[in-house]
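Colleague: Got a structure for you, target_29.csv, holding CSV, C-alpha atoms and all ligand atoms.
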chain,number,residue,atom,x,y,z
F,1,MET,CA,127.6,122.6,117.9
F,2,ASN,CA,124.5,124.2,116.4
F,3,PHE,CA,121.8,122.3,114.7
F,4,ALA,CA,118.9,123.6,112.6
F,5,PRO,CA,115.8,123.8,114.7
F,6,ALA,CA,113.8,122.1,111.9
F,7,LEU,CA,116.2,119.1,112.1
F,8,LEU,CA,115.7,118.8,115.9
F,9,GLN,CA,112.0,119.1,115.5
F,10,ALA,CA,112.0,116.4,112.8
F,11,LEU,CA,113.9,114.1,115.1
F,12,ARG,CA,111.6,114.7,118.0
F,13,GLN,CA,108.6,114.0,115.9
F,14,SER,CA,110.0,110.9,114.2
F,15,ALA,CA,108.2,107.6,114.5
F,16,HIS,CA,111.1,105.8,112.8
F,17,VAL,CA,114.7,106.9,112.6
F,18,VAL,CA,117.2,104.9,110.4
F,19,VAL,CA,120.9,105.1,111.0
F,20,PHE,CA,122.8,104.2,107.8
F,21,SER,CA,126.4,103.7,108.7
F,22,GLY,CA,129.7,103.0,107.0
F,23,ALA,CA,133.4,102.5,107.9
F,24,GLY,CA,133.8,106.0,109.3
F,25,MET,CA,131.4,105.1,112.1
F,26,SER,CA,134.1,102.7,113.5
F,27,ALA,CA,137.1,104.9,112.7
F,28,GLU,CA,137.2,106.4,116.2
F,29,SER,CA,137.1,102.8,117.7
F,30,GLY,CA,140.4,102.2,115.8
F,31,VAL,CA,139.1,100.2,112.8
F,32,PRO,CA,140.5,101.8,109.7
F,33,THR,CA,138.1,102.8,106.9
F,34,PHE,CA,138.4,101.4,103.3
F,35,ARG,CA,139.0,104.6,101.4
F,36,ASP,CA,141.1,106.6,103.8
F,37,ALA,CA,144.8,105.9,103.7
F,38,GLN,CA,146.0,102.7,105.5
F,39,THR,CA,148.9,102.7,107.8
F,40,GLY,CA,151.4,100.1,109.0
F,41,LEU,CA,151.7,96.6,107.7
F,42,TRP,CA,148.9,96.9,105.1
F,43,ALA,CA,149.7,100.4,103.8
F,44,GLN,CA,150.9,98.9,100.5
F,45,TYR,CA,147.6,97.2,99.7
F,46,ASP,CA,144.3,98.8,98.5
F,47,PRO,CA,141.6,97.2,100.8
F,48,THR,CA,139.1,97.5,98.0
F,49,GLU,CA,141.3,95.2,96.0
F,50,LEU,CA,141.6,92.6,98.8
F,51,ALA,CA,137.8,92.4,99.3
F,52,THR,CA,137.1,90.5,96.1
F,53,PRO,CA,136.6,86.8,95.3
F,54,GLU,CA,139.3,87.1,92.6
F,55,ALA,CA,141.8,88.3,95.2
F,56,PHE,CA,140.9,85.3,97.4
F,57,ARG,CA,141.3,82.9,94.5
F,58,ARG,CA,144.7,84.3,93.5
F,59,HIS,CA,146.1,85.1,96.9
F,60,PRO,CA,144.1,83.3,99.5
F,61,LYS,CA,146.6,83.7,102.3
F,62,ARG,CA,147.0,87.4,101.7
F,63,VAL,CA,143.3,88.0,101.9
F,64,TRP,CA,142.9,85.6,104.9
F,65,ASP,CA,145.8,87.4,106.7
F,66,TRP,CA,144.3,90.8,106.0
F,67,TYR,CA,141.0,89.8,107.5
F,68,ALA,CA,142.7,88.1,110.4
F,69,TRP,CA,144.4,91.4,111.1
F,70,ARG,CA,141.1,93.2,110.9
F,71,ARG,CA,139.5,90.6,113.1
F,72,GLU,CA,142.1,91.3,115.8
F,73,LEU,CA,141.6,95.0,115.5
F,74,VAL,CA,137.8,94.5,115.9
F,75,ALA,CA,138.2,92.1,118.8
F,76,ARG,CA,140.1,94.9,120.7
F,77,ALA,CA,137.8,97.7,119.5
F,78,ARG,CA,135.1,99.1,121.8
F,79,PRO,CA,132.1,101.1,120.7
F,80,HIS,CA,132.6,104.9,121.1
F,81,ALA,CA,130.2,107.7,122.2
F,82,GLY,CA,128.7,107.9,118.7
F,83,HIS,CA,127.7,104.2,118.8
F,84,ARG,CA,126.2,104.8,122.3
F,85,ALA,CA,124.3,107.8,121.0
F,86,VAL,CA,122.8,105.7,118.2
F,87,ALA,CA,121.8,103.1,120.8
F,88,ALA,CA,120.3,105.9,123.0
F,89,LEU,CA,118.0,106.9,120.2
F,90,GLU,CA,115.9,103.9,121.2
F,91,ARG,CA,114.9,105.6,124.4
F,92,HIS,CA,113.5,108.6,122.5
F,93,VAL,CA,112.2,107.3,119.2
F,94,PRO,CA,109.5,104.6,118.9
F,95,GLN,CA,111.3,102.7,116.2
F,96,VAL,CA,115.1,102.8,115.4
F,97,THR,CA,116.8,100.7,112.7
F,98,VAL,CA,120.5,100.6,112.1
F,99,VAL,CA,121.4,99.6,108.6
F,100,THR,CA,125.1,99.1,108.5
F,101,GLN,CA,127.8,98.4,105.9
F,102,ASN,CA,130.2,97.6,108.8
F,103,VAL,CA,131.1,94.0,109.6
F,104,ASP,CA,132.5,94.6,113.1
F,105,GLY,CA,129.4,94.2,115.3
F,106,LEU,CA,130.1,97.5,117.3
F,107,HIS,CA,126.5,98.8,117.0
F,108,GLN,CA,125.2,95.6,118.7
F,109,GLU,CA,127.9,95.8,121.3
F,110,ALA,CA,126.8,99.4,122.1
F,111,GLY,CA,123.3,98.2,122.7
F,112,SER,CA,121.4,98.8,119.4
F,113,ARG,CA,118.8,96.1,119.1
F,114,ARG,CA,117.7,96.2,115.5
F,115,VAL,CA,120.8,96.1,113.3
F,116,VAL,CA,120.7,95.1,109.7
F,117,GLU,CA,124.2,93.9,108.5
F,118,LEU,CA,124.3,94.5,104.7
F,119,HIS,CA,127.9,93.3,104.3
F,120,GLY,CA,127.9,90.4,106.7
F,121,ASN,CA,130.1,90.0,109.8
F,122,LEU,CA,133.8,89.6,110.1
F,123,ARG,CA,133.7,87.6,113.2
F,124,ARG,CA,131.8,84.7,111.5
F,125,ILE,CA,133.9,82.3,109.5
F,126,VAL,CA,132.3,80.2,106.8
F,127,CYS,CA,133.5,77.6,104.2
F,128,ALA,CA,134.0,79.2,100.8
F,129,ARG,CA,132.7,75.9,99.3
F,130,CYS,CA,129.8,74.5,101.4
F,131,ARG,CA,129.0,77.8,103.3
F,132,ALA,CA,129.0,76.0,106.7
F,133,VAL,CA,129.7,78.4,109.6
F,134,VAL,CA,132.8,77.0,111.3
F,135,PRO,CA,133.8,78.1,114.8
F,136,GLN,CA,137.5,78.5,115.4
F,137,THR,CA,137.8,75.4,117.5
F,138,ALA,CA,136.7,73.3,114.5
F,139,TRP,CA,139.0,74.8,111.9
F,140,ALA,CA,141.0,72.1,110.1
F,141,PRO,CA,144.7,72.8,109.6
F,142,ALA,CA,145.8,74.9,106.6
F,143,GLY,CA,147.0,73.2,103.5
F,144,PRO,CA,149.6,74.5,101.1
F,145,GLU,CA,147.6,77.7,100.5
F,146,GLY,CA,148.1,78.7,104.1
F,147,VAL,CA,144.4,79.1,104.9
F,148,PRO,CA,142.5,77.0,107.5
F,149,ARG,CA,140.1,74.4,106.0
F,150,CYS,CA,136.5,73.3,106.5
F,151,PRO,CA,136.2,70.2,108.7
F,152,HIS,CA,133.2,69.1,106.7
F,153,CYS,CA,134.3,69.4,103.1
F,154,GLY,CA,137.9,70.5,103.1
F,155,GLY,CA,137.1,73.8,101.4
F,156,LEU,CA,139.0,77.0,102.3
F,157,LEU,CA,137.6,79.1,105.1
F,158,ARG,CA,136.8,82.8,104.6
F,159,PRO,CA,135.1,85.6,106.5
F,160,ASP,CA,131.3,85.8,106.1
F,161,VAL,CA,131.5,89.2,104.5
F,162,VAL,CA,130.2,90.4,101.2
F,163,TRP,CA,133.0,91.0,98.6
F,164,PHE,CA,132.8,93.1,95.5
F,165,GLY,CA,130.8,91.3,92.9
F,166,GLU,CA,129.0,89.1,95.4
F,167,PRO,CA,125.3,89.6,96.1
F,168,LEU,CA,124.1,91.1,99.4
F,169,PRO,CA,122.3,88.7,101.8
F,170,ALA,CA,118.7,88.7,100.6
F,171,ASP,CA,117.1,89.0,104.0
F,172,ALA,CA,119.3,92.0,105.0
F,173,TRP,CA,118.7,93.7,101.7
F,174,ARG,CA,114.9,93.3,102.1
F,175,ALA,CA,115.0,94.5,105.7
F,176,ALA,CA,117.1,97.6,104.7
F,177,GLN,CA,114.7,98.5,101.9
F,178,GLN,CA,111.7,98.2,104.2
F,179,ALA,CA,113.4,100.3,106.9
F,180,MET,CA,114.2,103.1,104.3
F,181,GLN,CA,110.7,103.1,103.0
F,182,THR,CA,109.2,103.9,106.4
F,183,ALA,CA,111.9,106.2,107.8
F,184,ASP,CA,111.1,109.7,108.8
F,185,VAL,CA,114.8,110.7,109.3
F,186,VAL,CA,117.9,108.9,108.0
F,187,LEU,CA,121.2,109.7,109.6
F,188,VAL,CA,123.9,108.8,107.0
F,189,VAL,CA,127.1,108.3,109.1
F,190,GLY,CA,130.7,107.7,108.0
F,191,THR,CA,130.1,106.4,104.5
F,192,SER,CA,131.6,107.6,101.2
F,193,GLY,CA,128.4,106.6,99.5
F,194,VAL,CA,130.1,105.1,96.5
F,195,VAL,CA,129.5,101.3,97.0
F,196,TYR,CA,126.3,100.2,95.4
F,197,PRO,CA,123.7,98.9,96.0
F,198,ALA,CA,124.0,100.0,99.6
F,199,ALA,CA,124.7,103.6,98.7
F,200,GLY,CA,121.3,103.8,96.9
F,201,LEU,CA,119.3,103.2,100.1
F,202,PRO,CA,119.2,106.8,101.4
F,203,LEU,CA,117.7,107.8,98.0
F,204,LEU,CA,114.9,105.3,98.5
F,205,ALA,CA,114.1,106.9,101.8
F,206,ARG,CA,114.2,110.4,100.3
F,207,GLU,CA,111.7,109.4,97.6
F,208,ARG,CA,109.3,108.5,100.4
F,209,GLY,CA,109.8,111.9,102.0
F,210,ALA,CA,112.4,111.1,104.7
F,211,ARG,CA,114.8,113.8,105.8
F,212,LEU,CA,118.4,112.9,105.1
F,213,VAL,CA,121.2,114.0,107.5
F,214,GLU,CA,124.9,113.4,106.7
F,215,VAL,CA,127.4,113.0,109.6
F,216,ASN,CA,130.9,113.0,108.1
F,217,PRO,CA,134.0,115.2,108.5
F,218,THR,CA,134.3,115.5,104.7
F,219,GLU,CA,132.1,115.8,101.6
F,220,THR,CA,130.8,112.6,100.0
F,221,ALA,CA,129.0,111.3,97.0
F,222,LEU,CA,125.8,111.6,99.0
F,223,THR,CA,126.3,115.2,100.2
F,224,PRO,CA,124.4,116.7,97.2
F,225,VAL,CA,121.2,114.8,98.1
F,226,VAL,CA,121.0,115.3,101.9
F,227,ASP,CA,118.9,117.9,103.7
F,228,ASP,CA,121.4,118.5,106.5
F,229,VAL,CA,125.1,118.3,106.6
F,230,LEU,CA,126.8,117.9,109.9
F,231,ARG,CA,130.6,118.1,109.4
F,232,GLY,CA,132.6,116.3,112.1
F,233,PRO,CA,133.4,113.0,113.5
F,234,ALA,CA,130.6,110.6,114.5
F,235,GLY,CA,131.9,110.3,118.1
F,236,GLU,CA,131.3,114.1,118.6
F,237,VAL,CA,128.4,114.9,116.3
F,238,LEU,CA,126.0,112.1,117.3
F,239,PRO,CA,126.1,112.6,121.1
F,240,ALA,CA,125.7,116.4,120.5
F,241,LEU,CA,122.8,115.8,118.3
F,242,VAL,CA,121.0,113.5,120.7
F,243,ARG,CA,121.7,116.0,123.5
F,244,ALA,CA,120.4,118.9,121.5
F,245,ALA,CA,117.2,117.1,120.5
F,246,TRP,CA,116.3,115.5,123.9
F,247,GLY,CA,118.7,116.8,126.5
F,248,GLY,CA,120.7,114.5,128.9
F,249,GLU,CA,124.2,113.1,128.2
F,250,GLY,CA,123.4,112.1,124.6
F,251,ASN,CA,125.2,108.8,124.8
F,252,GLY,CA,123.0,106.7,127.0
F,301,LIG,P1,134.8,104.3,103.1
F,301,LIG,O1,136.1,103.9,103.6
F,301,LIG,O2,134.5,104.3,101.6
F,301,LIG,O3,134.4,105.7,103.6
F,301,LIG,C1,134.6,106.1,104.9
F,301,LIG,C2,133.9,107.4,105.2
F,301,LIG,O4,134.0,107.7,106.6
F,301,LIG,C3,134.5,108.6,104.4
F,301,LIG,O5,133.5,109.3,103.8
F,301,LIG,C4,135.2,109.4,105.6
F,301,LIG,O6,135.2,110.8,105.3
F,301,LIG,C5,134.3,109.0,106.7
F,301,LIG,N1,134.9,109.2,108.1
F,301,LIG,C6,136.2,109.0,108.4
F,301,LIG,N2,136.3,109.2,109.8
F,301,LIG,C7,135.1,109.5,110.3
F,301,LIG,C8,134.6,109.8,111.6
F,301,LIG,N3,135.3,109.8,112.6
F,301,LIG,N4,133.2,110.0,111.7
F,301,LIG,C9,132.4,110.0,110.6
F,301,LIG,N5,132.9,109.7,109.3
F,301,LIG,C10,134.2,109.5,109.2
F,301,LIG,O7,133.8,103.3,103.8
F,301,LIG,P2,132.3,102.8,103.4
F,301,LIG,O8,131.5,103.9,102.8
F,301,LIG,O9,131.7,102.1,104.6
F,301,LIG,O10,132.5,96.9,101.5
F,301,LIG,O11,132.6,101.8,102.3
F,301,LIG,C11,131.6,101.0,101.8
F,301,LIG,C12,132.0,99.6,101.5
F,301,LIG,O12,133.2,99.6,100.7
F,301,LIG,C13,132.4,98.9,102.8
F,301,LIG,O13,131.3,98.3,103.4
F,301,LIG,C14,133.3,97.8,102.2
F,301,LIG,C15,134.1,98.7,101.3
F,301,LIG,O14,134.8,98.1,100.3
F,301,LIG,C16,132.8,95.6,101.3
F,301,LIG,O15,133.8,95.2,101.9
F,301,LIG,C17,131.8,94.9,100.5
Mind turning this structure into structure tokens?
Ligand code: OAD

Modeller:
Amino acid sequence: MNFAPALLQALRQSAHVVVFSGAGMSAESGVPTFRDAQTGLWAQYDPTELATPEAFRRHPKRVWDWYAWRRELVARARPHAGHRAVAALERHVPQVTVVTQNVDGLHQEAGSRRVVELHGNLRRIVCARCRAVVPQTAWAPAGPEGVPRCPHCGGLLRPDVVWFGEPLPADAWRAAQQAMQTADVVLVVGTSGVVYPAAGLPLLARERGARLVEVNPTETALTPVVDDVLRGPAGEVLPALVRAAWGGEGNG
């Protein structure tokens, strides 16, 4: 794979690289994206319509079951060479921040140390009413809705993820904005760039002079604003990029 010499130089000279990732980052680990076609059991549902508070109110068991299915996929998933390449950046660049829309924890599992989770984490279960974090051993049995309940207040349990129409966690949002404002290079990986406010973050970095690099097999809403377009899957492009910039294996 060929990379622009100016891109490689920008990476080598960076004091702060931000990796902004979306569902495509985890695709090669076996976690389906939101806007590519679903297969199997859930093919008939649009995931973006399951990820809403209204869906949970109207069909709590369906939403719970969909997330339970994703939790199982994620529990079996392992980080791939692209996640490891992102973690390996920390050996070459003074500061690296991963700002992710993913809720699967795979960046942390690959060894990235500074990960900002904009949309929460699927593995954490909270009470929809009192917001207590409830470990699986403490779940109270499901009532007629078919969803386990909170042992403290009896509310329905739900994954600690951000649904459409819900605010982003304030700390994560602040940390993401700060990271973008000091980034020299932002690698935009595996996101369709259509879900706001997250999708606006790369523009914030661009306004401050950062170089934006898209890693994605297909064109996205962010393609027109990036400086470099690297067409291909994250698991191939990212290790090749790290190798081209700094040599070695590229994936840690
Ligand atoms: P999308 O499903 O919208 O987009 C996935 C992107 O990944 C697409 O642009 C694909 O082309 C790309 N892609 C697929 N395979 C890839 C690979 N192997 N390597 C690199 N890229 C690949 O996912 P997001 O942009 O993350 O929010 O969606 C944003 C948010 O919408 C999600 O966080 C979720 C969703 O609804 C909430 O649940 C709040």

Colleague: Show me a table, sorted first by chain and then by increasing residue number, of the residues of region 61-180 of chain F having an atom at most 10 Å from region 204-212 of chain F, each with its shortest atom pair and the distance in Å to one decimal, counting all atoms listed in the file and written as JSON lines.

Modeller:
{"residue": "F:Gln177", "atom": "CA", "partner": "F:Leu204", "partner_atom": "CA", "distance": 7.6}
{"residue": "F:Gln178", "atom": "CA", "partner": "F:Ala205", "partner_atom": "CA", "distance": 9.3}
{"residue": "F:Ala179", "atom": "CA", "partner": "F:Ala205", "partner_atom": "CA", "distance": 8.4}
{"residue": "F:Met180", "atom": "CA", "partner": "F:Ala205", "partner_atom": "CA", "distance": 4.5}

Colleague: Show me which residues line ligand LIG 301 (chain F), defined as having an atom within 8 Å of a ligand atom where all atoms listed in the file count, and present them as a PyMOL selection string.

Modeller: chain F and resi 21-28+32-36+47-48+51+101-103+119+161-164+189-195+198-199+215-220+232-235

Colleague: Of the candidates F:Glu90, F:Leu118, F:Gln181, F:Pro224, which shows the shortest atom-to-atom distance to Tyr196 (chain F), using only C-alpha atoms?

Modeller: F:Leu118

Colleague: Report the distance between CA of Gln136 (chain F) and CA of Pro79 (chain F) in Å, rounded to one decimal place.

Modeller: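 A separation of 23.8 Å between them.
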
Colleague: Using all atoms listed in the file, which protein or nucleic acid residues come within 10 Å of Leu241 (chain F)? Drop anything in the same chain fewer than 3 positions from it, and give the result as an NGL selection string.

Modeller: :F and (1-3 or 7-8 or 11 or 82 or 85 or 230 or 236-238 or 244-247 or 250-251)

Colleague: Which is closest to Ala175 (chain F) among F:His83, F:Asp160, F:Leu187, F:Val18, if we use all atoms listed in the file?

Modeller: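 Ranking F:His83, F:Asp160, F:Leu187, F:Val18 by distance to Ala175 (chain F), first place goes to F:Val18.
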
Colleague: Env of Asp184 (chain F): 6 Å cut, atoms = only C-alpha atoms, seq-sep filter 4 positions within chain, self excluded. Answer as a list in words.

Modeller: Ser14, His16, Val17 and Ala210 of chain F

Colleague: Can you spit out the residues from that selection as a PDB file, keeping the file's coordinate frame, using C-alpha atoms?

Modeller:
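Saved file again_27.pdb follows:
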ATOM      1  CA  SER F  14     110.000 110.900 114.200  1.00  0.00           C
ATOM      2  CA  HIS F  16     111.100 105.800 112.800  1.00  0.00           C
ATOM      3  CA  VAL F  17     114.700 106.900 112.600  1.00  0.00           C
ATOM      4  CA  ALA F 210     112.400 111.100 104.700  1.00  0.00           C
TER       5      ALA F 210
END

Colleague: Report, in Å to a single decimal, how far apart CA of Pro202 (chain F) and CA of Val186 (chain F) are.

Modeller: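 The value is 7.0 Å.
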
Colleague: Just the number, please: distance in Å from CA of Ala15 (chain F) to CA of Val116 (chain F), one decimal.

Modeller: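 Going from CA of Ala15 (chain F) over to CA of Val116 (chain F), I get 18.3 Å.
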
Colleague: Looking at only C-alpha atoms, which of F:Val31, F:Arg174, F:Arg158, F:Leu168 is the one that sits closest to Ala55 (chain F)?

Modeller: F:Arg158

Colleague: Determine, counting only C-alpha atoms, which protein, DNA and RNA residues have an atom within 7 Å of an atom of Pro151 (chain F); residues of the same chain fewer than 3 positions away are not included. Present the result as number ranges by chain.

Modeller: F: 138-140, 154

Colleague: Return the single residue from F:Arg84, F:Arg114, F:Lys61, F:Arg70 that is closest to Ala240 (chain F), with distances computed using all atoms listed in the file.

Modeller: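 Among the listed residues, the smallest separation from Ala240 (chain F) belongs to F:Arg84.
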
Colleague: Pick out the closest residue to Ala68 (chain F) from this set: F:Pro159, F:Gly30, F:Gly120, F:Pro94. Count all atoms listed in the file.

Modeller: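 Between F:Pro159, F:Gly30, F:Gly120, F:Pro94, the residue approaching Ala68 (chain F) most closely is F:Pro159.
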
Colleague: Looking at F:Arg123, F:Asp65, F:Val86, F:Glu54, which one is nearest to Arg243 (chain F), with distances taken over all atoms listed in the file?

Modeller: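 The answer is F:Val86, which sits nearest to Arg243 (chain F).
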